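Worksheet for the structure shown next.
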Amino acid sequence: MVKALLSILLSLLLIVGAATFEGWYVRDTFDEFSSQLQTLYRKIEEKSATRGDAEAVRTSWNEKKKSLHVWIPHNDISYIDYWLSEGLSLTETGNFDDARGKIEVLLEISRNIPAAYAFSFENIF
């Protein structure tokens with residue numbers, strides 16, 4: 001009886017620990033990505049963003065998404081890839097007004113995805 005209760009408790013602790021780590025990792029990764037997007041957004045508003053700025057954000061995202069595939073579904077990552085590609089293409093061509101809108105969407109996505117995978121009451125039930 002004691003072994004069964006101990007096994008249940010240990011399993012529960014492992015699940016809670018993994019969920020906590022997942023939430024922390026996803027939130028931390030998207031906080032960093034959001035910070036890079038905000039920097040690009042400011043440069044786009046100033047109309048001083050360059051191809052190098054856009055490529056730096058894309059390169060950073062490509063590195064982050066390699067490990068994010070473990071924690072979040074491919075569809076969410078593909079959704080970000082789609083908006084990022086559009087925004088960066090518009091930035092590279094100098095269409096800053098349209099690029100700003102795409103980056104705004106990405107900023108909103110980078111706020112919403114971590115909340116969707118956080119260990120919280122509304123995500124459990």
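Chain lettering (A, B, ...) mirrors the order of the structure tokens, residue numbering begins at 1 for each chain separately, and ligand numbering begins at 1 in order of display.
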* Asked: So which bits of segment 39-120 of chain A end up helix (DSSP H, G or I) when you DSSP the backbone, as a PyMOL selection string?
  -> chain A and resi 39-45+51-68+74-92+96-116
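Once Lys47 of chain A and its same-chain neighbours fewer than 5 positions away are set aside, Tyr41, Arg42, Thr91, Gly94, Asn95, Phe96, Asp97 and Arg100 of chain A remain within 10 Å of it when counting only C-alpha atoms.
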* Calculate how many Å separate atom CA of Gly87 of chain A from atom CA of Ile103 of chain A, rounding to one decimal. =>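 Taking atom CA of Gly87 of chain A as the start and atom CA of Ile103 of chain A as the end point, the length is 6.0 Å.
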* To do: Identify, on the basis of only C-alpha atoms, every residue whose closest approach to segment 56-62 of chain A does not exceed 9 Å; exclude the query and any residue fewer than 3 positions from it along the same chain; express the result as a VMD selection string.
  => chain A and resid 33 36 to 37 40 51 to 53 65 to 66 81 84 to 85 88
Based on the selection just made, write N, CA, C and O atoms of those residues as an mmCIF file, in the first residue's frame.
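Everything below was put into result_17.cif:
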```cif
data_model
loop_
_atom_site.group_PDB
_atom_site.id
_atom_site.type_symbol
_atom_site.label_atom_id
_atom_site.label_comp_id
_atom_site.auth_asym_id
_atom_site.auth_seq_id
_atom_site.Cartn_x
_atom_site.Cartn_y
_atom_site.Cartn_z
ATOM 1 N N PHE A 33 12.249 35.954 -28.033
ATOM 2 C CA PHE A 33 11.826 36.194 -29.419
ATOM 3 C C PHE A 33 11.033 37.489 -29.517
ATOM 4 O O PHE A 33 11.231 38.287 -30.436
ATOM 5 N N GLN A 36 13.268 40.510 -29.532
ATOM 6 C CA GLN A 36 13.888 40.723 -30.838
ATOM 7 C C GLN A 36 12.886 41.326 -31.816
ATOM 8 O O GLN A 36 13.241 42.199 -32.617
ATOM 9 N N LEU A 37 11.651 40.849 -31.759
ATOM 10 C CA LEU A 37 10.612 41.400 -32.633
ATOM 11 C C LEU A 37 10.337 42.867 -32.312
ATOM 12 O O LEU A 37 10.118 43.672 -33.222
ATOM 13 N N LEU A 40 13.009 44.953 -33.871
ATOM 14 C CA LEU A 40 12.761 45.068 -35.307
ATOM 15 C C LEU A 40 11.580 45.993 -35.576
ATOM 16 O O LEU A 40 11.628 46.815 -36.496
ATOM 17 N N ARG A 51 17.980 44.588 -44.294
ATOM 18 C CA ARG A 51 17.904 43.149 -44.544
ATOM 19 C C ARG A 51 18.631 42.383 -43.430
ATOM 20 O O ARG A 51 18.182 41.333 -42.991
ATOM 21 N N GLY A 52 19.732 42.928 -42.966
ATOM 22 C CA GLY A 52 20.489 42.285 -41.887
ATOM 23 C C GLY A 52 19.682 42.176 -40.602
ATOM 24 O O GLY A 52 19.759 41.162 -39.909
ATOM 25 N N ASP A 53 18.923 43.220 -40.276
ATOM 26 C CA ASP A 53 18.070 43.177 -39.080
ATOM 27 C C ASP A 53 17.031 42.071 -39.212
ATOM 28 O O ASP A 53 16.789 41.305 -38.268
ATOM 29 N N LYS A 65 13.230 27.403 -32.856
ATOM 30 C CA LYS A 65 12.171 26.460 -33.211
ATOM 31 C C LYS A 65 12.653 25.015 -33.222
ATOM 32 O O LYS A 65 11.845 24.105 -33.095
ATOM 33 N N LYS A 66 13.950 24.796 -33.328
ATOM 34 C CA LYS A 66 14.475 23.427 -33.277
ATOM 35 C C LYS A 66 14.119 22.751 -31.957
ATOM 36 O O LYS A 66 13.732 21.593 -31.928
ATOM 37 N N ASP A 81 6.289 30.899 -38.671
ATOM 38 C CA ASP A 81 7.140 30.949 -39.865
ATOM 39 C C ASP A 81 6.464 31.729 -40.986
ATOM 40 O O ASP A 81 7.105 32.538 -41.668
ATOM 41 N N LEU A 84 6.345 35.489 -40.095
ATOM 42 C CA LEU A 84 7.707 36.018 -40.070
ATOM 43 C C LEU A 84 8.243 36.180 -41.493
ATOM 44 O O LEU A 84 8.836 37.218 -41.816
ATOM 45 N N SER A 85 8.006 35.201 -42.332
ATOM 46 C CA SER A 85 8.477 35.296 -43.718
ATOM 47 C C SER A 85 7.838 36.480 -44.435
ATOM 48 O O SER A 85 8.526 37.218 -45.158
ATOM 49 N N LEU A 88 9.303 39.805 -42.924
ATOM 50 C CA LEU A 88 10.696 40.042 -43.286
ATOM 51 C C LEU A 88 10.841 40.355 -44.773
ATOM 52 O O LEU A 88 11.643 41.202 -45.158
#
```
His69 of chain A environment, 12 Å, only C-alpha atoms, sequence neighbours closer than 6 positions dropped, as an mmCIF file with N, CA, C and O atoms, in the first residue's frame:
```cif
data_model
loop_
_atom_site.group_PDB
_atom_site.id
_atom_site.type_symbol
_atom_site.label_atom_id
_atom_site.label_comp_id
_atom_site.auth_asym_id
_atom_site.auth_seq_id
_atom_site.Cartn_x
_atom_site.Cartn_y
_atom_site.Cartn_z
ATOM 1 N N GLU A 22 8.141 22.873 -18.862
ATOM 2 C CA GLU A 22 7.645 23.194 -20.197
ATOM 3 C C GLU A 22 7.135 24.629 -20.261
ATOM 4 O O GLU A 22 7.482 25.388 -21.171
ATOM 5 N N VAL A 26 8.992 27.474 -22.609
ATOM 6 C CA VAL A 26 8.257 28.112 -23.702
ATOM 7 C C VAL A 26 8.126 29.613 -23.452
ATOM 8 O O VAL A 26 8.363 30.429 -24.349
ATOM 9 N N ASN A 62 14.896 30.471 -36.246
ATOM 10 C CA ASN A 62 15.197 29.128 -36.743
ATOM 11 C C ASN A 62 15.934 28.291 -35.702
ATOM 12 O O ASN A 62 15.713 27.079 -35.604
ATOM 13 N N GLU A 63 16.795 28.917 -34.922
ATOM 14 C CA GLU A 63 17.485 28.198 -33.843
ATOM 15 C C GLU A 63 16.517 27.824 -32.716
ATOM 16 O O GLU A 63 16.567 26.731 -32.180
ATOM 17 N N ASN A 75 2.087 22.992 -36.021
ATOM 18 C CA ASN A 75 1.202 24.004 -36.620
ATOM 19 C C ASN A 75 1.457 25.398 -36.051
ATOM 20 O O ASN A 75 1.414 26.382 -36.790
ATOM 21 N N ASP A 76 1.684 25.485 -34.755
ATOM 22 C CA ASP A 76 1.966 26.790 -34.154
ATOM 23 C C ASP A 76 3.292 27.356 -34.662
ATOM 24 O O ASP A 76 3.410 28.555 -34.920
ATOM 25 N N ILE A 77 4.269 26.494 -34.819
ATOM 26 C CA ILE A 77 5.572 26.932 -35.319
ATOM 27 C C ILE A 77 5.453 27.357 -36.785
ATOM 28 O O ILE A 77 6.010 28.382 -37.192
ATOM 29 N N SER A 78 4.708 26.603 -37.568
ATOM 30 C CA SER A 78 4.517 26.945 -38.973
ATOM 31 C C SER A 78 3.786 28.273 -39.127
ATOM 32 O O SER A 78 4.066 29.050 -40.044
#
```
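Candidate residues A:Leu10, A:Phe30, A:Ala54, A:Ser89 were compared for distance to Arg111 of chain A, and the nearest is A:Phe30, using only C-alpha atoms.
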* **Spatial neighbours of Asp31 of chain A, max dist 12 Å, only C-alpha atoms, sep filter under 3 positions, as a list of chain:residue names** =>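 These residues fall inside the cut-off: A:Gly23, A:Trp24, A:Tyr25, A:Val26, A:Arg27, A:Asp28, A:Ser34, A:Ser35, A:Gln36, A:Leu37, A:Gln38, A:Trp61, A:Lys64, A:Leu107, A:Glu108, A:Ile109, A:Ser110, A:Arg111, A:Asn112, A:Ile113, A:Pro114, A:Ala115.
What separates atom CA of Ala49 of chain A from atom CA of Glu92 of chain A is a distance of 8.1 Å.
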* To do: Report the distance between atom CA of Tyr82 of chain A and atom CA of Lys102 of chain A in Å, rounded to one decimal place.
  =>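 Between atom CA of Tyr82 of chain A and atom CA of Lys102 of chain A the gap is 9.9 Å.
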* Residue among A:Ile124, A:Ala18, A:Leu12, A:Ala116 lying closest to Ile72 of chain A, counting only C-alpha atoms ->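 Looking only at the distances to Ile72 of chain A, the closest residue turns out to be A:Ala116.
Of the listed residues A:Ile44, A:Asn123, A:Leu106, A:Glu32, the one whose atoms come nearest to Tyr79 of chain A is A:Leu106, with distances taken using only C-alpha atoms.
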* Structure fact -> Counting only C-alpha atoms, closest pick from A:Leu14, A:Leu9, A:Ala4, A:Ala19 relative to Trp71 of chain A is A:Ala19
